[in-house]
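Report on the following structure.
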Amino acid sequence: MKNIISIGWNSWLKRHKESILLFDSIAAAGEIAFMLNGQWDGCNGVIMAKCDEVAVNTAVKLLEATWCYQGASKAVLDKVTTDKILRRYAMGERNFINANLRCAVLASAKLSEINLSYAKLSWADLSQANLSKADLTAADLSEANLSGADLSKAYLMRTNLTKADLQQASLKGANLSSANLSEVNLTDADLRGANLSLADLRRANFNFCNLSRANLTGAKIIESDLAFAKQ
């Protein structure tokens, strides 16, 4: 009897469980939430008490958007063009979480306080870009060109910066806790007051890099790599 009740209860919960839908843009998510009486999460997600897939598919077709359930194996976000990023940023939008910007050319772009957490930015050209106070938490910036970029007070926790070019970049006061900076070029970079605790700094190039007041607690580092750094 107890097993029958348990099975029945679990079946009821499954039928009544809220669905979280993810859309390919923040704008589309906001519109869908309004159209279908869902709860918009302020990003690209919508919580639906009851998901009518026919209604969702009709709405996304009108908006020329795409969607999937949260936890789906496929990525929902399509590649975002640099023109679209710059246009939406100029209109006041700051949230571009999980954006696909692989190989994007955003050199000298002014993108301070942008939210690119979990974004795909490998091989992107962000040289001389203004990314001060940007949120790049857990983003993939492997082999990206960030030379001369302003990343002061940026959030780079758990960010993948493997083999990135950060020559002459400003990372003053940035939070790089648990970030992967292996084989990064930090020649002449400014890391004064940066948080590098638990970061992977093995085989990084610190030539003439300013590490004054930087927090290196628990960082993975080979001492000889710091021989030419300013401390």
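Please note that chains go A, B, ... in the order of the structure tokens, that every chain numbers its residues from 1, and that ligands are numbered from 1 in the order shown.
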For Lys163 (chain A): contacts at 9 Å, only C-alpha atoms, fewer than 4 positions along chain excluded, given as a VMD selection string: chain A and resid 141 to 144 181 to 185 204
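Selecting strand (DSSP E or B) from the backbone DSSP output for region 90-229 of chain A yields Asn95, Asn100, Val105, Lys110, Asn115, Lys120, Asp125, Asn130, Asp135, Asp140, Asn145, Asp150, Tyr155, Asn160, Asp165, Ser170, Asn175, Asn180, Asn185, Asp190, Asn195, Asp200, Asn205, Asn210, Asn215 and Lys220 of chain A.
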Pairwise distance for CA of Ala154 (chain A) and CA of Asp200 (chain A), rounded to one decimal in Å: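 Between CA of Ala154 (chain A) and CA of Asp200 (chain A) the gap is 17.7 Å.
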Shortest contact to Arg158 (chain A), candidates A:Tyr118, A:Ala129, A:Gly193, A:Gln231, atoms counted only C-alpha atoms, goes to A:Tyr118
Return the single residue from A:Arg88, A:Trp40, A:Ala28, A:Glu18 that is closest to Ala59 (chain A), with distances computed using only C-alpha atoms.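 Comparing A:Arg88, A:Trp40, A:Ala28, A:Glu18 against Ala59 (chain A), the winner is A:Ala28.
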I'd like to know which of A:Asp150, A:Asp135, A:Glu93, A:Asp140 is closest to Lys110 (chain A), using only C-alpha atoms.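 Among A:Asp150, A:Asp135, A:Glu93, A:Asp140, it is A:Asp150 that comes nearest to Lys110 (chain A).
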Please report the interatomic distance between CA of Arg102 (chain A) and CA of Val56 (chain A) in Å with one decimal.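 Separation between CA of Arg102 (chain A) and CA of Val56 (chain A): 28.8 Å.
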Tell me, which residues of chain A carry DSSP helix (DSSP H, G or I), written as a count of residues only? 49
Of the residues A:Glu31, A:Glu113, A:Asp41, A:Asp165, which is the one nearest to Glu64 (chain A), using only C-alpha atoms?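 So, comparing all the options, the nearest one is A:Glu31.
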Tell me which of A:Ala194, A:Leu101, A:Leu156, A:Ile32 sits closest to Leu63 (chain A), counting only C-alpha atoms. A:Ile32
Contacts of Ser108 (chain A) at 9 Å or less, counting only C-alpha atoms, minus same-chain residues fewer than 2 places along, as a compact mmCIF listing (two decimals) with C-alpha atoms, in the first residue's frame?
# COMPACT_ATOMS: atom_id res chain seq x y z
CA LEU A 106 35.47 43.04 -30.45
CA LYS A 110 33.53 49.61 -24.84
CA LEU A 126 39.19 41.65 -27.36
CA SER A 127 42.42 43.59 -27.63
CA GLN A 128 42.20 47.11 -26.18
CA ALA A 129 38.57 46.43 -25.16
CA ASN A 130 37.09 48.10 -22.08
CA ALA A 149 42.37 45.23 -22.51
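By only C-alpha atoms, and with residues fewer than 4 positions from Arg213 (chain A) along its chain excluded, the set lying at most 12 Å from it is A:Lys172, A:Gly173, A:Ala174, A:Asp190, A:Leu191, A:Arg192, A:Gly193, A:Ala194, A:Asn195, A:Leu196, A:Thr217, A:Lys230, A:Gln231.
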Between CA of Thr66 (chain A) and CA of Asp24 (chain A), measure the distance and give it in Å to one decimal.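 Rounded to one decimal, the two atoms are 5.6 Å apart.
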Near-Ile85 (chain A) list (10 Å; only C-alpha atoms; drop same-chain fewer than 4 positions) as a PDB file with N, CA, C and O atoms, in the first residue's frame:
ATOM      1  N   VAL A  80      26.237  34.592 -31.577  1.00  0.00           N
ATOM      2  CA  VAL A  80      25.789  35.985 -31.581  1.00  0.00           C
ATOM      3  C   VAL A  80      26.784  36.809 -32.396  1.00  0.00           C
ATOM      4  O   VAL A  80      27.992  36.701 -32.208  1.00  0.00           O
ATOM      5  N   THR A  81      26.271  37.631 -33.298  1.00  0.00           N
ATOM      6  CA  THR A  81      27.165  38.468 -34.093  1.00  0.00           C
ATOM      7  C   THR A  81      27.661  39.640 -33.252  1.00  0.00           C
ATOM      8  O   THR A  81      26.988  40.098 -32.336  1.00  0.00           O
ATOM      9  N   TYR A  89      24.029  46.260 -26.516  1.00  0.00           N
ATOM     10  CA  TYR A  89      24.728  46.917 -25.413  1.00  0.00           C
ATOM     11  C   TYR A  89      24.453  48.417 -25.445  1.00  0.00           C
ATOM     12  O   TYR A  89      24.197  49.043 -24.410  1.00  0.00           O
ATOM     13  N   ALA A  90      24.491  49.013 -26.637  1.00  0.00           N
ATOM     14  CA  ALA A  90      24.238  50.451 -26.776  1.00  0.00           C
ATOM     15  C   ALA A  90      22.821  50.815 -26.342  1.00  0.00           C
ATOM     16  O   ALA A  90      22.566  51.930 -25.891  1.00  0.00           O
ATOM     17  N   MET A  91      21.898  49.842 -26.454  1.00  0.00           N
ATOM     18  CA  MET A  91      20.499  50.078 -26.060  1.00  0.00           C
ATOM     19  C   MET A  91      20.285  49.865 -24.562  1.00  0.00           C
ATOM     20  O   MET A  91      19.175  50.023 -24.059  1.00  0.00           O
ATOM     21  N   GLU A  93      21.299  46.946 -22.780  1.00  0.00           N
ATOM     22  CA  GLU A  93      21.322  45.561 -22.327  1.00  0.00           C
ATOM     23  C   GLU A  93      22.723  45.206 -21.855  1.00  0.00           C
ATOM     24  O   GLU A  93      23.716  45.570 -22.483  1.00  0.00           O
ATOM     25  N   ARG A  94      22.801  44.481 -20.742  1.00  0.00           N
ATOM     26  CA  ARG A  94      24.096  44.105 -20.193  1.00  0.00           C
ATOM     27  C   ARG A  94      24.240  42.588 -20.020  1.00  0.00           C
ATOM     28  O   ARG A  94      25.341  42.093 -19.878  1.00  0.00           O
ATOM     29  N   PHE A  96      24.505  38.989 -21.222  1.00  0.00           N
ATOM     30  CA  PHE A  96      24.748  38.133 -22.380  1.00  0.00           C
ATOM     31  C   PHE A  96      25.297  36.793 -21.887  1.00  0.00           C
ATOM     32  O   PHE A  96      26.262  36.263 -22.416  1.00  0.00           O
ATOM     33  N   ALA A  99      26.522  33.475 -23.965  1.00  0.00           N
ATOM     34  CA  ALA A  99      26.564  33.861 -25.384  1.00  0.00           C
ATOM     35  C   ALA A  99      27.685  33.125 -26.110  1.00  0.00           C
ATOM     36  O   ALA A  99      28.742  32.869 -25.546  1.00  0.00           O
ATOM     37  N   LEU A 101      30.350  33.545 -28.616  1.00  0.00           N
ATOM     38  CA  LEU A 101      31.122  34.576 -29.304  1.00  0.00           C
ATOM     39  C   LEU A 101      32.513  34.060 -29.676  1.00  0.00           C
ATOM     40  O   LEU A 101      33.481  34.810 -29.692  1.00  0.00           O
ATOM     41  N   LEU A 106      35.999  41.962 -31.272  1.00  0.00           N
ATOM     42  CA  LEU A 106      35.468  43.043 -30.447  1.00  0.00           C
ATOM     43  C   LEU A 106      36.618  43.938 -29.967  1.00  0.00           C
ATOM     44  O   LEU A 106      36.581  44.494 -28.880  1.00  0.00           O
ATOM     45  N   LEU A 111      32.735  47.859 -23.368  1.00  0.00           N
ATOM     46  CA  LEU A 111      31.761  46.912 -22.818  1.00  0.00           C
ATOM     47  C   LEU A 111      31.869  46.813 -21.299  1.00  0.00           C
ATOM     48  O   LEU A 111      31.711  45.744 -20.720  1.00  0.00           O
TER      49      LEU A 111
END
Please identify all polymer residues within 10 Å of Thr187 (chain A), counting only C-alpha atoms, omitting same-chain residues fewer than 6 positions from it, and present them as an MDAnalysis selection string. chainID A and resid 147 165:169 204:210 228:229
